>>> print(open('entry.txt').read())   # compact mmCIF, C-alpha atoms
# COMPACT_ATOMS: atom_id res chain seq x y z
CA MET A 22 0.00 0.00 0.00
CA LYS A 23 2.89 2.37 0.75
CA ASP A 24 4.01 2.32 -2.89
CA TYR A 25 0.49 3.14 -4.11
CA LEU A 26 0.31 6.11 -1.74
CA LYS A 27 3.56 7.59 -3.10
CA TYR A 28 1.86 8.43 -6.39
CA TRP A 29 -0.77 10.50 -4.63
CA VAL A 30 1.93 13.12 -4.01
CA PRO A 31 1.30 14.57 -7.52
CA VAL A 32 -2.41 14.71 -6.62
CA LEU A 33 -1.49 16.67 -3.49
CA VAL A 34 0.56 19.10 -5.62
CA LEU A 35 -2.48 19.55 -7.86
CA ALA A 36 -4.74 20.08 -4.85
CA ILE A 37 -2.46 22.80 -3.49
CA ALA A 38 -2.56 24.58 -6.86
CA TYR A 39 -6.37 24.36 -6.85
CA THR A 40 -6.47 25.74 -3.31
CA GLY A 41 -4.43 28.77 -4.32
CA ILE A 42 -6.69 29.53 -7.27
CA LEU A 43 -9.88 29.13 -5.23
CA LEU A 44 -8.60 31.30 -2.39
CA GLY A 45 -7.68 34.02 -4.88
CA GLY A 46 -5.37 36.98 -4.40
CA ASP A 47 -1.72 36.24 -3.72
CA PHE A 48 -2.58 32.64 -2.84
CA VAL A 49 -2.68 31.98 -6.58
CA TRP A 50 1.12 31.67 -6.43
CA LEU A 51 0.84 28.49 -4.32
CA GLY A 52 0.84 26.22 -7.38
CA PHE A 53 4.03 27.65 -8.84
CA LEU A 54 5.75 27.83 -5.44
CA MET A 55 5.57 24.04 -5.38
CA PHE A 56 8.55 24.11 -7.75
CA PRO A 57 11.21 25.43 -5.34
CA THR A 58 9.65 23.48 -2.46
CA LEU A 59 9.83 20.18 -4.31
CA ALA A 60 13.29 20.98 -5.69
CA ILE A 61 14.65 21.33 -2.15
CA GLY A 62 12.84 18.18 -1.04
CA ASP A 63 14.19 16.22 -3.98
CA VAL A 64 17.77 17.11 -3.12
CA LEU A 65 17.34 16.40 0.59
CA LEU A 66 15.68 13.01 0.11
CA GLY A 67 18.38 11.89 -2.30
CA ARG A 68 18.33 8.98 -4.73
CA ASP A 69 15.76 6.21 -4.63
CA TYR A 70 16.55 2.84 -6.20
CA SER A 71 13.73 0.89 -4.61
CA PRO A 72 11.49 -1.20 -6.90
CA ARG A 73 7.74 -0.71 -6.61
CA HIS A 74 5.52 -3.52 -5.34
CA MET A 75 2.26 -2.69 -7.11
CA LYS A 76 0.06 -5.15 -8.98
CA ASN A 77 -3.43 -3.65 -8.95
CA GLU A 78 -3.62 -1.65 -12.20
CA PHE A 79 -6.98 -0.08 -11.34
CA VAL A 80 -5.72 1.39 -8.07
CA ALA A 81 -2.45 2.50 -9.68
CA ASP A 82 -4.39 4.30 -12.42
CA ILE A 83 -6.55 6.45 -10.11
CA PRO A 84 -3.91 9.17 -9.47
CA LEU A 85 -3.02 9.04 -13.18
CA TRP A 86 -6.58 9.93 -14.17
CA VAL A 87 -6.82 12.65 -11.52
CA CYS A 88 -3.54 14.21 -12.69
CA THR A 89 -4.62 14.03 -16.34
CA VAL A 90 -8.12 15.47 -16.03
CA GLY A 91 -7.56 17.78 -13.05
CA PRO A 92 -5.20 20.30 -14.71
CA ILE A 93 -7.55 20.69 -17.70
CA LEU A 94 -10.45 21.66 -15.44
CA MET A 95 -8.15 23.96 -13.47
CA TYR A 96 -7.89 26.27 -16.48
CA TRP A 97 -11.64 26.81 -16.42
CA VAL A 98 -11.69 27.22 -12.63
CA PHE A 99 -9.03 29.89 -13.01
CA ALA A 100 -11.02 31.63 -15.78
CA TRP A 101 -14.11 31.58 -13.55
CA GLN A 102 -12.10 33.19 -10.75
CA VAL A 103 -10.81 35.82 -13.20
CA SER A 104 -14.43 36.69 -14.06
CA ARG A 105 -15.12 37.21 -10.35
CA GLY A 106 -12.18 39.60 -9.96
CA ALA A 107 -10.26 37.18 -7.72
CA PHE A 108 -6.91 38.40 -9.07
CA PRO A 109 -7.01 42.20 -9.27
CA GLU A 110 -3.24 42.70 -9.27
CA VAL A 111 -0.99 42.11 -12.28
CA SER A 112 1.38 40.10 -10.09
CA GLN A 113 -1.51 37.81 -9.18
CA MET A 114 -2.38 37.23 -12.83
CA ILE A 115 1.26 36.35 -13.48
CA GLY A 116 1.16 33.95 -10.55
CA GLY A 117 -1.97 32.36 -11.99
CA VAL A 118 -0.39 31.90 -15.42
CA LEU A 119 2.75 30.33 -13.91
CA SER A 120 0.75 28.07 -11.60
CA LEU A 121 -1.37 26.82 -14.51
CA ALA A 122 1.74 26.26 -16.65
CA TRP A 123 3.53 24.44 -13.83
CA THR A 124 0.64 22.02 -13.22
CA SER A 125 0.51 21.43 -16.98
CA ILE A 126 4.01 20.00 -16.59
CA VAL A 127 3.87 18.54 -13.08
CA PRO A 128 1.78 16.49 -12.74
CA LEU A 129 0.01 16.61 -16.14
CA ALA A 130 2.84 15.95 -18.63
CA PRO A 131 4.09 12.65 -17.17
CA ALA A 132 0.54 11.49 -16.35
CA ALA A 133 -0.62 12.14 -19.93
CA HIS A 134 2.55 10.49 -21.24
CA GLU A 135 1.80 7.35 -19.24
CA MET A 136 -1.80 7.39 -20.49
CA TYR A 137 -1.02 7.52 -24.20
CA HIS A 138 1.48 4.70 -23.78
CA LYS A 139 -1.29 2.43 -22.45
CA ARG A 140 -3.06 -0.08 -24.68
CA SER A 141 -6.50 1.21 -23.68
CA VAL A 142 -8.14 3.34 -26.39
CA LEU A 143 -9.86 5.51 -23.77
CA ALA A 144 -6.64 6.13 -21.85
CA ARG A 145 -4.69 6.93 -25.03
CA THR A 146 -7.36 9.38 -26.17
CA MET A 147 -7.44 11.11 -22.79
CA GLY A 148 -3.65 11.29 -22.68
CA ARG A 149 -3.51 12.86 -26.13
CA TYR A 150 -6.10 15.55 -25.55
CA ALA A 151 -4.88 16.38 -22.05
CA GLN A 152 -1.92 17.90 -23.86
CA LEU A 153 -4.18 20.75 -24.90
CA CYS A 154 -2.66 22.31 -21.80
CA GLN A 155 0.69 22.21 -23.62
CA LEU A 156 -0.68 23.35 -26.98
CA ASP A 157 0.24 19.96 -28.42
CA PRO A 158 -2.57 17.34 -28.53
CA MET A 159 -0.73 15.58 -31.38
CA ARG A 160 2.46 15.14 -29.36
CA ASP A 161 2.10 11.38 -29.08
CA ILE A 162 2.62 10.94 -32.85
CA ALA A 163 6.21 12.12 -33.05
CA HIS A 164 6.92 10.79 -29.58
CA VAL A 165 5.83 7.19 -30.11
CA VAL A 166 6.56 6.80 -33.84
CA GLY A 167 9.64 9.03 -33.98
CA HIS A 168 11.36 9.60 -30.65
CA HIS A 169 11.10 6.04 -29.35
CA ILE A 170 12.75 4.78 -32.54
CA ASP A 171 15.31 7.54 -33.14
CA VAL A 172 16.32 8.46 -29.58
CA ALA A 173 19.96 9.55 -29.20
CA THR A 174 20.54 9.59 -32.97
CA VAL A 175 20.91 12.53 -35.33
CA LYS A 176 17.31 11.90 -36.44
CA ASP A 177 15.86 12.63 -33.01
CA GLY A 178 14.79 16.22 -32.45
CA ASP A 179 14.36 15.52 -28.72
CA THR A 180 18.07 14.80 -28.26
CA ALA A 181 19.92 18.09 -27.84
CA LYS A 182 23.29 18.35 -29.59
CA ARG A 183 26.35 18.89 -27.45
CA GLY A 184 27.09 22.54 -26.82
CA THR A 185 23.44 23.57 -27.30
CA SER A 186 21.97 25.81 -24.60
CA LEU A 187 18.48 25.26 -23.20
CA TYR A 188 17.33 28.50 -24.81
CA ALA A 189 18.51 27.53 -28.29
CA PHE A 190 17.10 24.01 -27.96
CA VAL A 191 13.61 24.87 -26.73
CA GLY A 192 12.69 27.29 -29.52
CA HIS A 193 13.91 24.90 -32.20
CA ALA A 194 12.25 21.90 -30.52
CA VAL A 195 8.81 23.55 -30.44
CA TRP A 196 8.93 24.13 -34.18
CA GLU A 197 10.44 20.74 -35.02
CA GLN A 198 8.03 18.81 -32.79
CA THR A 199 5.03 20.50 -34.41
CA LEU A 200 6.40 19.90 -37.90
CA ARG A 201 7.04 16.21 -37.16
CA ASP A 202 3.54 15.74 -35.76
CA VAL A 203 1.92 17.15 -38.89
CA THR A 204 4.30 15.48 -41.35
CA MET A 205 4.05 12.02 -39.79
CA GLU A 206 0.27 12.19 -39.74
CA SER A 207 0.23 13.30 -43.39
CA ASP A 208 2.56 10.44 -44.35
CA ALA A 209 0.34 7.94 -42.53
CA LEU A 210 -2.68 9.17 -44.51
CA ARG A 211 -0.83 8.88 -47.81
CA LYS A 212 0.10 5.26 -47.00
CA ARG A 213 -3.63 4.59 -46.67
CA GLY A 214 -4.22 6.11 -50.10
CA LEU A 215 -5.69 9.32 -48.72
CA SER A 216 -4.79 12.95 -49.25
CA ALA A 217 -2.60 14.68 -46.68
CA PHE A 218 -5.47 17.20 -46.38
CA ASN A 219 -8.11 14.53 -45.73
CA TYR A 220 -10.55 15.33 -42.94
CA ARG A 221 -9.15 12.39 -40.95
CA HIS A 222 -5.91 14.35 -40.36
CA ARG A 223 -5.59 14.81 -36.62
CA ILE A 224 -4.60 18.46 -36.98
CA TYR A 225 -8.24 19.36 -37.60
CA ARG A 226 -9.32 17.66 -34.40
CA ALA A 227 -6.40 19.26 -32.55
CA VAL A 228 -7.39 22.76 -33.67
CA LEU A 229 -11.05 22.09 -32.88
CA ALA A 230 -10.21 20.74 -29.43
CA GLN A 231 -8.00 23.74 -28.67
CA GLY A 232 -10.81 26.02 -29.83
CA VAL A 233 -13.27 24.32 -27.47
CA PHE A 234 -10.74 24.45 -24.65
CA GLN A 235 -10.12 28.18 -25.07
CA GLY A 236 -13.78 28.72 -25.87
CA GLY A 237 -14.59 27.57 -22.34
CA SER A 238 -12.25 30.25 -20.99
CA TYR A 239 -13.96 32.84 -23.21
CA LEU A 240 -17.44 31.90 -21.98
CA LEU A 241 -16.27 32.17 -18.39
CA ALA A 242 -14.07 35.28 -18.53
CA GLY A 243 -14.11 36.75 -22.03
CA TRP A 244 -10.97 37.64 -23.96
CA HIS A 245 -9.18 38.54 -20.75
CA GLY A 246 -9.58 34.95 -19.59
CA VAL A 247 -8.45 33.61 -22.97
CA ALA A 248 -5.32 35.78 -22.94
CA LEU A 249 -4.31 34.48 -19.51
CA THR A 250 -5.08 30.80 -20.09
CA PHE A 251 -3.53 30.78 -23.54
CA GLY A 252 -0.45 32.47 -22.09
CA ALA A 253 -0.19 29.62 -19.58
CA VAL A 254 -0.50 27.07 -22.40
CA LEU A 255 2.36 28.73 -24.29
CA VAL A 256 4.63 28.75 -21.23
CA ALA A 257 3.81 25.09 -20.60
CA ARG A 258 4.68 24.20 -24.19
CA PHE A 259 8.19 25.59 -23.85
CA TRP A 260 8.65 23.94 -20.45
CA ALA A 261 7.54 20.61 -21.94
CA GLU A 262 10.34 20.78 -24.51
CA ALA A 263 12.81 21.70 -21.76
CA PHE A 264 12.00 18.36 -20.09
CA ASN A 265 13.45 16.50 -23.09
CA TYR A 266 16.60 18.62 -22.91
CA PHE A 267 17.60 17.08 -19.57
CA GLN A 268 16.77 13.46 -20.31
CA HIS A 269 18.57 13.11 -23.64
CA TYR A 270 21.24 15.79 -23.78
CA GLY A 271 24.31 14.92 -25.83
CA LEU A 272 23.86 11.15 -25.92
CA ILE A 273 24.99 9.29 -29.04
CA ARG A 274 23.64 6.23 -30.87
CA VAL A 275 24.40 5.00 -34.36
CA VAL A 276 21.25 5.06 -36.51
CA GLY A 277 19.72 1.60 -36.77
CA THR A 278 21.51 0.09 -33.77
CA THR A 279 19.75 -1.34 -30.72
CA ILE A 280 18.69 1.06 -27.98
CA GLY A 281 20.38 0.36 -24.66
CA ARG A 282 20.04 1.78 -21.16
CA ARG A 283 23.17 3.84 -21.78
CA HIS A 284 21.30 5.92 -24.38
CA LEU A 285 19.09 7.64 -21.77
CA TRP A 286 19.78 9.72 -18.69
CA ASN A 287 17.97 8.71 -15.51
CA HIS A 288 17.05 11.06 -12.64
CA LEU A 289 16.33 8.71 -9.75
CA HIS A 290 15.74 11.05 -6.83
CA TRP A 291 12.62 10.40 -4.73
CA PHE A 292 10.45 13.31 -5.86
CA SER A 293 11.77 13.11 -9.44
CA ARG A 294 10.45 9.55 -9.66
CA VAL A 295 7.15 10.02 -7.86
CA LEU A 296 6.07 13.32 -9.42
CA SER A 297 6.91 12.09 -12.91
CA PHE A 298 5.16 8.72 -12.59
CA GLU A 299 8.59 7.15 -13.15
CA ILE A 300 9.33 8.81 -16.51
CA THR A 301 12.65 9.86 -14.95
CA ASN A 302 13.34 6.12 -14.73
CA HIS A 303 13.81 6.73 -18.40
CA ALA A 304 16.06 3.95 -19.62
CA ASP A 305 13.71 1.13 -18.68
CA HIS A 306 10.78 2.99 -20.24
CA HIS A 307 12.54 3.15 -23.61
CA LEU A 308 13.40 -0.55 -23.51
CA ASN A 309 9.70 -1.40 -23.15
CA SER A 310 7.36 1.52 -23.75
CA TYR A 311 4.26 -0.51 -22.85
CA GLN A 312 5.56 -1.40 -19.41
CA ARG A 313 3.55 0.37 -16.72
CA TYR A 314 5.22 3.08 -14.68
CA TYR A 315 5.30 1.04 -11.46
CA GLN A 316 6.95 -1.90 -13.27
CA LEU A 317 10.03 0.10 -14.29
CA VAL A 318 13.17 -0.98 -12.46
CA PRO A 319 15.80 1.62 -11.40
CA HIS A 320 19.18 0.87 -12.91
CA LYS A 321 22.17 1.40 -10.60
CA GLY A 322 24.82 0.76 -13.21
CA ALA A 323 24.20 3.94 -15.20
CA ILE A 324 25.87 7.32 -14.78
CA GLU A 325 24.04 9.08 -11.98
CA MET A 326 22.55 12.43 -12.89
CA PRO A 327 21.37 14.99 -10.32
CA SER A 328 17.75 15.68 -9.46
CA LEU A 329 15.65 16.76 -12.43
CA PHE A 330 14.94 20.01 -10.58
CA VAL A 331 18.66 20.65 -10.15
CA CYS A 332 19.23 20.00 -13.86
CA PHE A 333 16.51 22.48 -14.80
CA ILE A 334 17.84 25.22 -12.55
CA ALA A 335 21.43 24.63 -13.68
CA SER A 336 20.47 24.68 -17.37
CA LEU A 337 19.13 28.21 -16.96
CA ILE A 338 22.81 29.16 -16.60
CA PRO A 339 24.46 27.36 -19.56
CA PRO A 340 28.07 27.52 -18.27
CA LEU A 341 26.95 25.95 -14.98
CA TRP A 342 25.00 23.20 -16.77
CA HIS A 343 27.79 22.40 -19.19
CA GLU A 344 30.84 22.62 -16.93
CA LYS A 345 29.51 21.21 -13.67
CA ILE A 346 26.92 18.65 -14.75
CA VAL A 347 26.69 17.45 -18.32
CA LYS A 348 30.27 17.66 -19.64
CA PRO A 349 31.68 15.52 -16.80
CA ALA A 350 28.84 13.03 -17.33
CA LEU A 351 29.36 12.90 -21.09
CA LYS A 352 33.12 12.55 -20.73
CA ARG A 353 32.58 9.48 -18.58
CA TRP A 354 29.92 8.22 -21.01
CA ASP A 355 32.25 8.57 -23.99
CA LEU A 356 35.13 6.81 -22.28
CA GLU A 357 33.28 4.07 -20.40
CA PHE A 358 29.91 3.42 -22.05
CA ALA A 359 30.18 4.30 -25.77
CA THR A 360 30.98 1.69 -28.38
CA PRO A 361 33.92 2.39 -30.75
CA GLU A 362 31.43 3.51 -33.43
CA GLU A 363 29.70 5.82 -30.95
CA GLN A 364 33.05 7.20 -29.83
CA VAL A 365 33.77 8.32 -33.39
CA LEU A 366 30.48 10.22 -33.49
CA ALA A 367 31.02 11.57 -29.97
CA ALA A 368 34.48 12.90 -30.86
CA ALA A 369 33.00 14.71 -33.86
CA ALA A 370 30.20 16.13 -31.68
CA ASN A 371 32.74 17.35 -29.12
CA ARG A 372 34.77 19.10 -31.82
CA ALA A 373 31.63 20.73 -33.24
CA ALA A 374 30.72 21.98 -29.77
CA GLY A 375 34.23 23.31 -29.17
CA TRP A 376 34.76 20.87 -26.31
CA PRO A 377 38.00 19.05 -25.44
CA ASP A 378 38.74 15.92 -27.47
CA TRP A 379 39.00 13.66 -24.43
CA ILE A 380 38.52 10.47 -26.45
CA ASN A 381 41.60 10.89 -28.66
CA GLU A 382 43.56 12.47 -25.81
CA ARG A 383 43.11 9.32 -23.74
CA GLU A 384 44.12 7.11 -26.65
CA ALA A 385 47.23 9.22 -27.15
CA GLN A 386 48.12 8.98 -23.46
CA ALA A 387 47.50 5.24 -23.47
CA SER A 388 49.66 4.66 -26.54
CA GLY A 389 52.48 6.92 -25.32
CA PRO A 390 54.02 4.53 -22.77
CA ARG A 391 53.73 1.62 -25.18
CA VAL A 392 55.66 3.56 -27.86
CA ARG A 393 58.42 4.45 -25.38
CA ALA A 394 58.62 0.89 -24.13
CA THR A 395 58.99 -0.40 -27.70
CA THR A 396 61.75 2.09 -28.38
CA GLN A 397 63.63 1.09 -25.25
CA GLY A 398 63.23 -2.54 -26.16
CA CYS A 399 64.86 -1.94 -29.53
>>> encode(input="entry.txt", output="structure tokens")
Amino acid sequence: MKDYLKYWVPVLVLAIAYTGILLGGDFVWLGFLMFPTLAIGDVLLGRDYSPRHMKNEFVADIPLWVCTVGPILMYWVFAWQVSRGAFPEVSQMIGGVLSLAWTSIVPLAPAAHEMYHKRSVLARTMGRYAQLCQLDPMRDIAHVVGHHIDVATVKDGDTAKRGTSLYAFVGHAVWEQTLRDVTMESDALRKRGLSAFNYRHRIYRAVLAQGVFQGGSYLLAGWHGVALTFGAVLVARFWAEAFNYFQHYGLIRVVGTTIGRRHLWNHLHWFSRVLSFEITNHADHHLNSYQRYYQLVPHKGAIEMPSLFVCFIASLIPPLWHEKIVKPALKRWDLEFATPEEQVLAAAANRAAGWPDWINEREAQASGPRVRATTQGC
């Protein structure tokens, strides 16, 4: 039972955000203030490698459904409060936008991700359209059909190239993700002998659903409500892309080769695991994308990355992210985990990023003594 209860922590985070919106005024910041609170807690609690002992799928799914549906309804609750004048100050409106955007990432993003990886048609549909809160109800197309196949290769838009800052990555990723969604859906229609503009294209349903979603805000609070809720959706979209930045940064895989645990970063701190419904237990998820979140097994043999919260904060300062976190991790990855073929690609990526060529430097150091010994032997 203890393991089941852990995944009600995201529900508690959602409840606190709701409380702030319903109380109005400066309390609206409560949802967003969960971020620094949870970041501190994640660091203090440290890493968690314990497996989960959960077998009842129905019970395990309850917090998933709450965290998928709850944030959607929160947008309309916020719009209703706006219509009542609950947030008269500009700072309070900003707090409302940030709180909505934050809950669209935690807990919504990982909950929706888990839902559209399920085999249930109802769950997949709910997971897809819950991403209205991230302005991307077609996200599952490129994610499942593209990312899960191309991860860590040059084909994967979710894998940031070495030397890329968070700011450069996020803007490009938003555009590329959207383009891949539309293009892949168009290609799928053509394979069925249909036009890329056929009414079955999911982009039409996505636009309609977003219109209904924002239409609810308009009915409750007019254009003022739409401006605020749509602003939150935009912020959430960029934050959603930032999530990929941390979990795939700089990793290398030769196109067409088998995906291994080494091709994903894991963030196995307590809150990172629980709040994300185990998506931070990322390597196991990519090895079997239909495996339920509570069945994923933490892997101790991988390079340990800091808390996901720490990675996000550090990435806001690119030199800190690169020098203190990711370059040391990638150097170890290149030297200890990469295959010879991957090392060739990694060396090229390091040169392109202007980083030290630690792969060839080690080989030169290793061959140096052997050369001297041969000379002495002659």
>>> closest_atom_pairs(input="entry.txt", of="range 281-395 of chain A", to="range 81-102 of chain A", cutoff="10 Å", atoms="only C-alpha atoms", output="JSON lines")
{"residue": "A:Phe298", "atom": "CA", "partner": "A:Leu85", "partner_atom": "CA", "distance": 8.2}
{"residue": "A:Arg313", "atom": "CA", "partner": "A:Ala81", "partner_atom": "CA", "distance": 9.5}
{"residue": "A:Tyr314", "atom": "CA", "partner": "A:Ala81", "partner_atom": "CA", "distance": 9.2}
{"residue": "A:Tyr315", "atom": "CA", "partner": "A:Ala81", "partner_atom": "CA", "distance": 8.1}
>>> write_last_selection(input="entry.txt", atoms="C-alpha atoms", output="mmCIF file, keeping the file's coordinate frame")
data_model
loop_
_atom_site.group_PDB
_atom_site.id
_atom_site.type_symbol
_atom_site.label_atom_id
_atom_site.label_comp_id
_atom_site.auth_asym_id
_atom_site.auth_seq_id
_atom_site.Cartn_x
_atom_site.Cartn_y
_atom_site.Cartn_z
ATOM 1 C CA PHE A 298 5.160 8.720 -12.590
ATOM 2 C CA ARG A 313 3.550 0.370 -16.720
ATOM 3 C CA TYR A 314 5.220 3.080 -14.680
ATOM 4 C CA TYR A 315 5.300 1.040 -11.460
#
>>> closest_residue(input="entry.txt", among="A:Asp202, A:Asp305, A:Asp171, A:Glu382", to="Gly277 in chain A", atoms="all atoms listed in the file")
A:Asp171
>>> residues_around(input="entry.txt", residues="range 365-371 of chain A", least_positions_apart="4", cutoff="9 Å", atoms="all atoms listed in the file", output="ChimeraX atom specification")
/A:182-184,271-275,355,359-361,375-381
>>> closest_residue(input="entry.txt", among="A:Arg213, A:Arg226, A:His193, A:Arg105", to="Leu153 in chain A", atoms="only C-alpha atoms")
A:Arg226
>>> residues_around(input="entry.txt", residues="Gly178 in chain A", least_positions_apart="6", cutoff="12 Å", atoms="all atoms listed in the file", output="ChimeraX atom specification")
/A:163-164,167-172,190-202,262,265-266,269-271
>>> write_last_selection(input="entry.txt", atoms="C-alpha atoms", output="short mmCIF file (atom, residue, chain, number, x, y, z; two decimals), in the coordinates of the input")
data_model
loop_
_atom_site.label_atom_id
_atom_site.label_comp_id
_atom_site.auth_asym_id
_atom_site.auth_seq_id
_atom_site.Cartn_x
_atom_site.Cartn_y
_atom_site.Cartn_z
CA ALA A 163 6.21 12.12 -33.05
CA HIS A 164 6.92 10.79 -29.58
CA GLY A 167 9.64 9.03 -33.98
CA HIS A 168 11.36 9.60 -30.65
CA HIS A 169 11.10 6.04 -29.35
CA ILE A 170 12.75 4.78 -32.54
CA ASP A 171 15.31 7.54 -33.14
CA VAL A 172 16.32 8.46 -29.58
CA PHE A 190 17.10 24.01 -27.96
CA VAL A 191 13.61 24.87 -26.73
CA GLY A 192 12.69 27.29 -29.52
CA HIS A 193 13.91 24.90 -32.20
CA ALA A 194 12.25 21.90 -30.52
CA VAL A 195 8.81 23.55 -30.44
CA TRP A 196 8.93 24.13 -34.18
CA GLU A 197 10.44 20.74 -35.02
CA GLN A 198 8.03 18.81 -32.79
CA THR A 199 5.03 20.50 -34.41
CA LEU A 200 6.40 19.90 -37.90
CA ARG A 201 7.04 16.21 -37.16
CA ASP A 202 3.54 15.74 -35.76
CA GLU A 262 10.34 20.78 -24.51
CA ASN A 265 13.45 16.50 -23.09
CA TYR A 266 16.60 18.62 -22.91
CA HIS A 269 18.57 13.11 -23.64
CA TYR A 270 21.24 15.79 -23.78
CA GLY A 271 24.31 14.92 -25.83
#
>>> axis_aligned_box(input="entry.txt", around="range 230-236 of chain A", padding_each_side="8 Å", output="lines of an AutoDock Vina configuration file")
center_x = -10.9
center_y = 24.7
center_z = -27.2
size_x = 21.8
size_y = 24.0
size_z = 21.2
>>> closest_residue(input="entry.txt", among="A:Arg68, A:Gly281, A:Tyr137, A:Leu210", to="Thr301 in chain A", atoms="all atoms listed in the file")
A:Arg68
>>> atom_distance(input="entry.txt", atom1="CA of Arg294 in chain A", atom2="CA of Cys332 in chain A")
14.3 Å
>>> atom_distance(input="entry.txt", atom1="CA of Asn302 in chain A", atom2="CA of Ile338 in chain A")
25.0 Å
>>> closest_residue(input="entry.txt", among="A:Val228, A:Leu187, A:Ile126, A:Ile324", to="Ser336 in chain A", atoms="all atoms listed in the file")
A:Leu187
>>> closest_residue(input="entry.txt", among="A:Leu35, A:Val203, A:Leu341, A:Val49", to="Val111 in chain A", atoms="only C-alpha atoms")
A:Val49
>>> residues_near_point(input="entry.txt", point="(8.0, 24.3, -21.3)", cutoff="10 Å", atoms="all atoms listed in the file", output="list in words")
Ala122, Trp123, Ser125, Ile126, Gln155, Val191, Gly192, Val195, Ala253, Val254, Leu255, Val256, Ala257, Arg258, Phe259, Trp260, Ala261, Glu262, Ala263, Phe264 and Asn265 of chain A
>>> closest_residue(input="entry.txt", among="A:Trp286, A:Val80, A:Ser310, A:Val247", to="Val166 in chain A", atoms="all atoms listed in the file")
A:Ser310
